[in-house]
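Below is upload21.cif, holding mmCIF, C-alpha atoms, pLDDT in the B column; chains and numbers go by the auth columns.
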```
data_work
loop_
_atom_site.group_PDB
_atom_site.id
_atom_site.type_symbol
_atom_site.label_atom_id
_atom_site.label_comp_id
_atom_site.label_asym_id
_atom_site.label_seq_id
_atom_site.Cartn_x
_atom_site.Cartn_y
_atom_site.Cartn_z
_atom_site.B_iso_or_equiv
_atom_site.auth_seq_id
_atom_site.auth_asym_id
ATOM 1 C CA MET A 1 -2.100 -67.099 -12.094 88.00 835 A
ATOM 2 C CA LEU A 2 -5.392 -67.559 -10.215 95.00 836 A
ATOM 3 C CA ASP A 3 -7.138 -67.622 -13.626 97.00 837 A
ATOM 4 C CA ARG A 4 -5.080 -70.607 -14.684 97.00 838 A
ATOM 5 C CA ILE A 5 -5.310 -72.402 -11.356 97.00 839 A
ATOM 6 C CA PHE A 6 -9.099 -72.116 -11.094 98.00 840 A
ATOM 7 C CA HIS A 7 -9.514 -72.943 -14.782 97.00 841 A
ATOM 8 C CA ALA A 8 -7.365 -76.059 -14.300 98.00 842 A
ATOM 9 C CA LEU A 9 -9.447 -77.144 -11.289 97.00 843 A
ATOM 10 C CA GLY A 10 -12.739 -76.692 -13.160 97.00 844 A
ATOM 11 C CA ASP A 11 -12.391 -80.120 -14.746 97.00 845 A
ATOM 12 C CA PRO A 12 -13.156 -83.346 -12.828 96.00 846 A
ATOM 13 C CA SER A 13 -10.392 -85.373 -14.568 96.00 847 A
ATOM 14 C CA ARG A 14 -7.777 -82.765 -13.701 97.00 848 A
ATOM 15 C CA ARG A 15 -8.987 -82.660 -10.085 97.00 849 A
ATOM 16 C CA ALA A 16 -8.718 -86.460 -9.953 96.00 850 A
ATOM 17 C CA MET A 17 -5.141 -86.202 -11.289 96.00 851 A
ATOM 18 C CA VAL A 18 -4.307 -83.673 -8.556 96.00 852 A
ATOM 19 C CA GLU A 19 -5.825 -86.026 -5.944 95.00 853 A
ATOM 20 C CA ARG A 20 -3.615 -88.807 -7.319 94.00 854 A
ATOM 21 C CA LEU A 21 -0.479 -86.627 -7.266 94.00 855 A
ATOM 22 C CA VAL A 22 -1.096 -85.682 -3.633 92.00 856 A
ATOM 23 C CA ARG A 23 -0.356 -89.352 -2.863 91.00 857 A
ATOM 24 C CA GLY A 24 3.011 -89.116 -4.672 92.00 858 A
ATOM 25 C CA PRO A 25 4.709 -88.640 -8.052 94.00 859 A
ATOM 26 C CA ALA A 26 3.376 -90.687 -10.970 95.00 860 A
ATOM 27 C CA SER A 27 4.238 -91.387 -14.600 94.00 861 A
ATOM 28 C CA VAL A 28 1.875 -90.398 -17.406 94.00 862 A
ATOM 29 C CA THR A 29 0.909 -94.083 -17.805 92.00 863 A
ATOM 30 C CA GLU A 30 0.053 -94.408 -14.100 92.00 864 A
ATOM 31 C CA LEU A 31 -1.912 -91.174 -14.203 94.00 865 A
ATOM 32 C CA ALA A 32 -3.829 -92.330 -17.283 93.00 866 A
ATOM 33 C CA ARG A 33 -4.752 -95.749 -15.791 91.00 867 A
ATOM 34 C CA PRO A 34 -7.941 -94.792 -13.853 90.00 868 A
ATOM 35 C CA PHE A 35 -9.306 -92.808 -16.796 86.00 869 A
ATOM 36 C CA ASN A 36 -11.140 -94.147 -19.779 83.00 870 A
ATOM 37 C CA MET A 37 -9.326 -91.545 -21.836 86.00 871 A
ATOM 38 C CA ALA A 38 -6.940 -91.500 -24.805 88.00 872 A
ATOM 39 C CA LEU A 39 -3.322 -90.864 -23.757 90.00 873 A
ATOM 40 C CA PRO A 40 -3.086 -87.587 -25.730 93.00 874 A
ATOM 41 C CA SER A 41 -6.059 -86.229 -23.722 94.00 875 A
ATOM 42 C CA VAL A 42 -4.334 -87.204 -20.476 94.00 876 A
ATOM 43 C CA VAL A 43 -1.154 -85.479 -21.659 95.00 877 A
ATOM 44 C CA GLN A 44 -3.191 -82.387 -22.541 96.00 878 A
ATOM 45 C CA HIS A 45 -4.805 -82.286 -19.067 97.00 879 A
ATOM 46 C CA LEU A 46 -1.366 -82.667 -17.452 97.00 880 A
ATOM 47 C CA GLY A 47 -0.143 -79.806 -19.629 97.00 881 A
ATOM 48 C CA VAL A 48 -2.911 -77.597 -18.258 98.00 882 A
ATOM 49 C CA LEU A 49 -1.915 -78.522 -14.676 97.00 883 A
ATOM 50 C CA GLU A 50 1.732 -77.796 -15.490 97.00 884 A
ATOM 51 C CA ALA A 51 0.946 -74.434 -17.135 96.00 885 A
ATOM 52 C CA ALA A 52 -0.995 -73.466 -14.016 96.00 886 A
ATOM 53 C CA GLY A 53 2.027 -74.295 -11.843 95.00 887 A
ATOM 54 C CA ILE A 54 0.079 -77.038 -10.069 96.00 888 A
ATOM 55 C CA ALA A 55 2.279 -79.902 -11.297 96.00 889 A
ATOM 56 C CA THR A 56 5.861 -80.182 -12.476 95.00 890 A
ATOM 57 C CA SER A 57 7.363 -82.941 -14.587 96.00 891 A
ATOM 58 C CA THR A 58 10.748 -84.513 -15.198 95.00 892 A
ATOM 59 C CA LYS A 59 11.663 -86.814 -18.047 94.00 893 A
ATOM 60 C CA VAL A 60 14.078 -89.690 -17.561 93.00 894 A
ATOM 61 C CA GLY A 61 14.627 -91.658 -20.750 94.00 895 A
ATOM 62 C CA ARG A 62 11.186 -92.075 -22.254 91.00 896 A
ATOM 63 C CA VAL A 63 9.293 -91.816 -18.964 93.00 897 A
ATOM 64 C CA ARG A 64 7.831 -88.480 -17.907 94.00 898 A
ATOM 65 C CA THR A 65 6.990 -88.302 -14.212 96.00 899 A
ATOM 66 C CA TYR A 66 4.670 -85.716 -12.719 96.00 900 A
ATOM 67 C CA GLN A 67 4.688 -84.452 -9.177 94.00 901 A
ATOM 68 C CA LEU A 68 2.548 -81.915 -7.373 93.00 902 A
ATOM 69 C CA ALA A 69 4.250 -78.555 -6.986 92.00 903 A
ATOM 70 C CA ILE A 70 4.698 -77.722 -3.293 84.00 904 A
ATOM 71 C CA ASP A 71 2.140 -75.117 -2.172 84.00 905 A
ATOM 72 C CA ALA A 72 0.789 -75.030 -5.735 85.00 906 A
ATOM 73 C CA LEU A 73 -2.753 -74.488 -4.569 91.00 907 A
ATOM 74 C CA THR A 74 -1.931 -72.023 -1.794 90.00 908 A
ATOM 75 C CA PRO A 75 -2.857 -68.899 -3.838 91.00 909 A
ATOM 76 C CA ALA A 76 -6.243 -70.460 -4.657 93.00 910 A
ATOM 77 C CA ALA A 77 -6.787 -71.567 -1.051 92.00 911 A
ATOM 78 C CA GLU A 78 -5.895 -68.083 0.206 92.00 912 A
ATOM 79 C CA TRP A 79 -8.170 -66.303 -2.263 94.00 913 A
ATOM 80 C CA VAL A 80 -11.119 -68.572 -1.472 93.00 914 A
ATOM 81 C CA GLY A 81 -10.388 -68.248 2.264 89.00 915 A
ATOM 82 C CA ARG A 82 -10.656 -64.449 2.061 89.00 916 A
ATOM 83 C CA GLN A 83 -14.097 -64.509 0.419 89.00 917 A
ATOM 84 C CA ARG A 84 -16.090 -65.183 3.534 79.00 918 A
ATOM 85 C CA LEU A 85 -19.042 -63.042 4.475 72.00 919 A
ATOM 86 C CA PRO A 86 -18.233 -60.918 7.538 70.00 920 A
ATOM 87 C CA ALA A 87 -19.674 -62.494 10.725 63.00 921 A
ATOM 88 C CA GLU A 88 -22.032 -59.517 11.052 60.00 922 A
ATOM 89 C CA GLN A 89 -23.774 -60.228 7.736 63.00 923 A
ATOM 90 C CA ARG A 90 -23.920 -63.929 8.469 63.00 924 A
ATOM 91 C CA LEU A 91 -25.610 -63.151 11.797 63.00 925 A
ATOM 92 C CA ASP A 92 -28.019 -60.727 10.083 65.00 926 A
ATOM 93 C CA ARG A 93 -29.144 -63.418 7.701 62.00 927 A
ATOM 94 C CA LEU A 94 -29.342 -65.999 10.474 61.00 928 A
ATOM 95 C CA GLY A 95 -31.419 -63.463 12.432 64.00 929 A
ATOM 96 C CA THR A 96 -33.813 -63.061 9.490 63.00 930 A
ATOM 97 C CA PHE A 97 -34.057 -66.815 9.178 59.00 931 A
ATOM 98 C CA LEU A 98 -34.751 -67.361 12.892 64.00 932 A
ATOM 99 C CA THR A 99 -37.317 -64.534 13.038 63.00 933 A
ATOM 100 C CA THR A 100 -39.131 -65.957 10.032 61.00 934 A
ATOM 101 C CA SER A 101 -39.105 -69.506 11.370 62.00 935 A
ATOM 102 C CA SER A 102 -40.113 -68.471 14.911 61.00 936 A
ATOM 103 C CA ARG A 103 -43.059 -66.547 13.393 59.00 937 A
ATOM 104 C CA ARG A 104 -43.957 -69.658 11.458 56.00 938 A
ATOM 105 C CA THR A 105 -43.695 -71.760 14.637 54.00 939 A
ATOM 106 C CA SER A 106 -45.850 -69.390 16.719 53.00 940 A
ATOM 107 C CA SER A 107 -48.518 -69.162 14.015 50.00 941 A
ATOM 108 C CA THR A 108 -48.529 -72.942 13.838 47.00 942 A
ATOM 109 C CA LYS A 109 -48.947 -73.077 17.628 48.00 943 A
ATOM 110 C CA LYS A 110 -51.869 -70.643 17.466 47.00 944 A
ATOM 111 C CA GLU A 111 -53.488 -72.740 14.781 46.00 945 A
ATOM 112 C CA ASN A 112 -52.974 -75.864 16.889 47.00 946 A
ATOM 113 C CA SER A 113 -54.464 -74.279 20.046 46.00 947 A
ATOM 114 C CA ARG A 114 -57.638 -73.200 18.300 44.00 948 A
ATOM 115 C CA MET B 1 -20.818 -78.405 -8.536 88.00 1062 B
ATOM 116 C CA LEU B 2 -17.046 -77.978 -8.055 95.00 1063 B
ATOM 117 C CA ASP B 3 -16.744 -77.800 -11.862 97.00 1064 B
ATOM 118 C CA ARG B 4 -19.056 -74.799 -11.967 97.00 1065 B
ATOM 119 C CA ILE B 5 -17.548 -73.109 -8.920 97.00 1066 B
ATOM 120 C CA PHE B 6 -13.936 -73.371 -10.147 98.00 1067 B
ATOM 121 C CA HIS B 7 -14.970 -72.429 -13.691 97.00 1068 B
ATOM 122 C CA ALA B 8 -16.749 -69.348 -12.318 98.00 1069 B
ATOM 123 C CA LEU B 9 -13.664 -68.344 -10.310 97.00 1070 B
ATOM 124 C CA GLY B 10 -11.356 -68.703 -13.313 97.00 1071 B
ATOM 125 C CA ASP B 11 -12.264 -65.240 -14.536 97.00 1072 B
ATOM 126 C CA PRO B 12 -10.806 -62.072 -12.949 96.00 1073 B
ATOM 127 C CA SER B 13 -14.010 -60.015 -13.443 96.00 1074 B
ATOM 128 C CA ARG B 14 -16.098 -62.670 -11.729 97.00 1075 B
ATOM 129 C CA ARG B 15 -13.597 -62.874 -8.849 97.00 1076 B
ATOM 130 C CA ALA B 16 -13.782 -59.075 -8.509 96.00 1077 B
ATOM 131 C CA MET B 17 -17.594 -59.335 -8.380 96.00 1078 B
ATOM 132 C CA VAL B 18 -17.330 -61.945 -5.618 96.00 1079 B
ATOM 133 C CA GLU B 19 -14.921 -59.659 -3.710 95.00 1080 B
ATOM 134 C CA ARG B 20 -17.484 -56.838 -4.041 94.00 1081 B
ATOM 135 C CA LEU B 21 -20.370 -59.064 -2.876 94.00 1082 B
ATOM 136 C CA VAL B 22 -18.404 -60.119 0.214 92.00 1083 B
ATOM 137 C CA ARG B 23 -18.782 -56.477 1.335 91.00 1084 B
ATOM 138 C CA GLY B 24 -22.591 -56.692 0.942 92.00 1085 B
ATOM 139 C CA PRO B 25 -25.459 -57.085 -1.555 94.00 1086 B
ATOM 140 C CA ALA B 26 -25.337 -54.915 -4.681 95.00 1087 B
ATOM 141 C CA SER B 27 -27.509 -54.109 -7.682 94.00 1088 B
ATOM 142 C CA VAL B 28 -26.396 -54.991 -11.198 94.00 1089 B
ATOM 143 C CA THR B 29 -25.644 -51.298 -11.814 92.00 1090 B
ATOM 144 C CA GLU B 30 -23.418 -51.089 -8.715 92.00 1091 B
ATOM 145 C CA LEU B 31 -21.656 -54.307 -9.668 94.00 1092 B
ATOM 146 C CA ALA B 32 -21.067 -53.032 -13.197 93.00 1093 B
ATOM 147 C CA ARG B 33 -19.606 -49.672 -12.078 91.00 1094 B
ATOM 148 C CA PRO B 34 -15.929 -50.656 -11.556 90.00 1095 B
ATOM 149 C CA PHE B 35 -15.809 -52.546 -14.866 86.00 1096 B
ATOM 150 C CA ASN B 36 -15.268 -51.102 -18.277 83.00 1097 B
ATOM 151 C CA MET B 37 -17.755 -53.636 -19.568 86.00 1098 B
ATOM 152 C CA ALA B 38 -21.095 -53.598 -21.378 88.00 1099 B
ATOM 153 C CA LEU B 39 -24.038 -54.288 -19.038 90.00 1100 B
ATOM 154 C CA PRO B 40 -25.015 -57.517 -20.882 93.00 1101 B
ATOM 155 C CA SER B 41 -21.508 -58.921 -20.203 94.00 1102 B
ATOM 156 C CA VAL B 42 -21.845 -58.046 -16.514 94.00 1103 B
ATOM 157 C CA VAL B 43 -25.253 -59.748 -16.440 95.00 1104 B
ATOM 158 C CA GLN B 44 -23.737 -62.799 -18.131 96.00 1105 B
ATOM 159 C CA HIS B 45 -20.914 -63.007 -15.560 97.00 1106 B
ATOM 160 C CA LEU B 46 -23.456 -62.699 -12.737 97.00 1107 B
ATOM 161 C CA GLY B 47 -25.449 -65.491 -14.373 97.00 1108 B
ATOM 162 C CA VAL B 48 -22.368 -67.731 -14.231 98.00 1109 B
ATOM 163 C CA LEU B 49 -21.918 -66.921 -10.513 97.00 1110 B
ATOM 164 C CA GLU B 50 -25.610 -67.642 -9.895 97.00 1111 B
ATOM 165 C CA ALA B 51 -25.519 -70.951 -11.831 96.00 1112 B
ATOM 166 C CA ALA B 52 -22.519 -71.992 -9.704 96.00 1113 B
ATOM 167 C CA GLY B 53 -24.499 -71.251 -6.526 95.00 1114 B
ATOM 168 C CA ILE B 54 -22.007 -68.545 -5.541 96.00 1115 B
ATOM 169 C CA ALA B 55 -24.480 -65.672 -5.736 96.00 1116 B
ATOM 170 C CA THR B 56 -28.236 -65.387 -5.444 96.00 1117 B
ATOM 171 C CA SER B 57 -30.424 -62.571 -6.741 96.00 1118 B
ATOM 172 C CA THR B 58 -33.761 -60.995 -5.939 95.00 1119 B
ATOM 173 C CA LYS B 59 -35.692 -58.600 -8.146 94.00 1120 B
ATOM 174 C CA VAL B 60 -37.716 -55.752 -6.660 93.00 1121 B
ATOM 175 C CA GLY B 61 -39.456 -53.673 -9.319 94.00 1122 B
ATOM 176 C CA ARG B 62 -36.852 -53.207 -12.013 91.00 1123 B
ATOM 177 C CA VAL B 63 -33.841 -53.568 -9.730 93.00 1124 B
ATOM 178 C CA ARG B 64 -32.130 -56.934 -9.430 94.00 1125 B
ATOM 179 C CA THR B 65 -29.913 -57.221 -6.346 96.00 1126 B
ATOM 180 C CA TYR B 66 -27.207 -59.831 -5.946 96.00 1127 B
ATOM 181 C CA GLN B 67 -25.876 -61.236 -2.713 94.00 1128 B
ATOM 182 C CA LEU B 68 -23.221 -63.800 -1.947 93.00 1129 B
ATOM 183 C CA ALA B 69 -24.672 -67.176 -1.031 92.00 1130 B
ATOM 184 C CA ILE B 70 -23.685 -68.114 2.540 84.00 1131 B
ATOM 185 C CA ASP B 71 -20.881 -70.712 2.490 83.00 1132 B
ATOM 186 C CA ALA B 72 -21.014 -70.708 -1.308 85.00 1133 B
ATOM 187 C CA LEU B 73 -17.290 -71.258 -1.604 91.00 1134 B
ATOM 188 C CA THR B 74 -17.008 -73.812 1.191 90.00 1135 B
ATOM 189 C CA PRO B 75 -16.948 -76.867 -1.149 91.00 1136 B
ATOM 190 C CA ALA B 76 -14.124 -75.253 -3.160 93.00 1137 B
ATOM 191 C CA ALA B 77 -12.231 -74.253 -0.002 92.00 1138 B
ATOM 192 C CA GLU B 78 -12.597 -77.767 1.395 92.00 1139 B
ATOM 193 C CA TRP B 79 -11.452 -79.470 -1.816 94.00 1140 B
ATOM 194 C CA VAL B 80 -8.405 -77.209 -2.131 93.00 1141 B
ATOM 195 C CA GLY B 81 -7.675 -77.665 1.581 89.00 1142 B
ATOM 196 C CA ARG B 82 -7.542 -81.446 1.171 89.00 1143 B
ATOM 197 C CA GLN B 83 -4.969 -81.330 -1.671 89.00 1144 B
ATOM 198 C CA ARG B 84 -1.939 -80.724 0.483 79.00 1145 B
ATOM 199 C CA LEU B 85 1.120 -82.870 0.150 72.00 1146 B
ATOM 200 C CA PRO B 86 1.583 -85.085 3.222 70.00 1147 B
ATOM 201 C CA ALA B 87 4.149 -83.559 5.632 63.00 1148 B
ATOM 202 C CA GLU B 88 6.463 -86.511 4.936 60.00 1149 B
ATOM 203 C CA GLN B 89 6.742 -85.699 1.226 63.00 1150 B
ATOM 204 C CA ARG B 90 7.170 -82.008 1.956 63.00 1151 B
ATOM 205 C CA LEU B 91 10.040 -82.827 4.317 63.00 1152 B
ATOM 206 C CA ASP B 92 11.616 -85.170 1.750 65.00 1153 B
ATOM 207 C CA ARG B 93 11.676 -82.402 -0.839 63.00 1154 B
ATOM 208 C CA LEU B 94 12.899 -79.852 1.685 62.00 1155 B
ATOM 209 C CA GLY B 95 15.628 -82.351 2.597 64.00 1156 B
ATOM 210 C CA THR B 96 16.664 -82.697 -1.047 63.00 1157 B
ATOM 211 C CA PHE B 97 16.704 -78.933 -1.381 60.00 1158 B
ATOM 212 C CA LEU B 98 18.833 -78.426 1.747 64.00 1159 B
ATOM 213 C CA THR B 99 21.287 -81.194 0.820 64.00 1160 B
ATOM 214 C CA THR B 100 21.710 -79.751 -2.673 62.00 1161 B
ATOM 215 C CA SER B 101 22.188 -76.212 -1.404 62.00 1162 B
ATOM 216 C CA SER B 102 24.574 -77.236 1.426 61.00 1163 B
ATOM 217 C CA ARG B 103 26.661 -79.125 -1.187 59.00 1164 B
ATOM 218 C CA ARG B 104 26.648 -76.001 -3.312 56.00 1165 B
ATOM 219 C CA THR B 105 27.655 -73.892 -0.313 54.00 1166 B
ATOM 220 C CA SER B 106 30.498 -76.222 0.719 53.00 1167 B
ATOM 221 C CA SER B 107 31.849 -76.461 -2.837 50.00 1168 B
ATOM 222 C CA THR B 108 31.748 -72.659 -3.012 47.00 1169 B
ATOM 223 C CA LYS B 109 33.680 -72.521 0.284 48.00 1170 B
ATOM 224 C CA LYS B 110 36.282 -74.939 -1.072 47.00 1171 B
ATOM 225 C CA GLU B 111 36.665 -72.869 -4.186 46.00 1172 B
ATOM 226 C CA ASN B 112 37.014 -69.748 -2.044 48.00 1173 B
ATOM 227 C CA SER B 113 39.608 -71.348 0.243 46.00 1174 B
ATOM 228 C CA ARG B 114 41.822 -72.407 -2.644 44.00 1175 B
#
```
How does the structure come out when it is put into structure tokens?
Amino acid sequence: MLDRIFHALGDPSRRAMVERLVRGPASVTELARPFNMALPSVVQHLGVLEAAGIATSTKVGRVRTYQLAIDALTPAAEWVGRQRLPAEQRLDRLGTFLTTSSRRTSSTKKENSR
Amino acid sequence: MLDRIFHALGDPSRRAMVERLVRGPASVTELARPFNMALPSVVQHLGVLEAAGIATSTKVGRVRTYQLAIDALTPAAEWVGRQRLPAEQRLDRLGTFLTTSSRRTSSTKKENSR
């Protein structure tokens, strides 16, 4: 599932469609409007979002309306949220950075005081 | 940048490599170990992570070591975090769900009480 979600989000048009759907349900025509894109391409992108479980659609007459699936992006948000460097390692690297820059600063000072 | 990050995360092997790098830097050989994968494929996956700015590498002698870039996934986490349905819409849908299921429950009760 994460494969499909991340794959779906790897495209700027599909991300823009998600951003639109966050504001509320929309028909295919409404979703296509901001894009300079042939309708079949829009439909294809929406299909990718639907296959990933990010959007769902309902058809009434000839109008298909898409809406964002509730908590559709939660698995992706949770996975990304877990991949944070432990504080210890972050501090180590910050330590290295500060040591290096303080050395640079003190050598600059020495040069200046000559 | 989000394109590359999400594309990189759309592959289970690359996500597993990220999960490994969260625990600390690792050489290509160490990163390849858990995978039943030819070394060139591992190198290719690591190249995708590096191009997305998720990992960085340093080469000492013949050993190339990868480490997770600090805050590499922050843009992805922030984008995903923003795409939440407004509370209002969530409540609307929850309302619809509860109304539908309470109707179902009461009609079941009626049927049972007949």
Protein/DNA/RNA residues near (-12.7, -67.1, 2.8), cut 10 Å, all atoms listed in the file, as a ChimeraX atom specification: /A:911-920 /B:1083,1132-1135,1138
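Atom CA of B:Leu1129 is found 12.4 Å from atom CA of B:Ala1077.
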Shell around A:Ile839 at 10 Å using all atoms listed in the file, local window under 6 positions removed, as number ranges by chain: A: 882-888, 906-907, 909-910; B: 1067-1068, 1070-1071
For stretch 1118-1127 of chain B: contacts at 6 Å, all atoms listed in the file, fewer than 5 positions along chain excluded, given as a PyMOL selection string: chain B and resi 1086-1088
Keeping only C-alpha atoms, write the selected residues as a tab-separated table (two decimals), in the frame of the given file.
```
chain	number	residue	atom	x	y	z
B	1086	PRO	CA	-25.46	-57.08	-1.56
B	1087	ALA	CA	-25.34	-54.92	-4.68
B	1088	SER	CA	-27.51	-54.11	-7.68
```
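Distance-wise, atom CA of B:Arg1075 and atom CA of A:Ser847 end up 23.6 Å apart.
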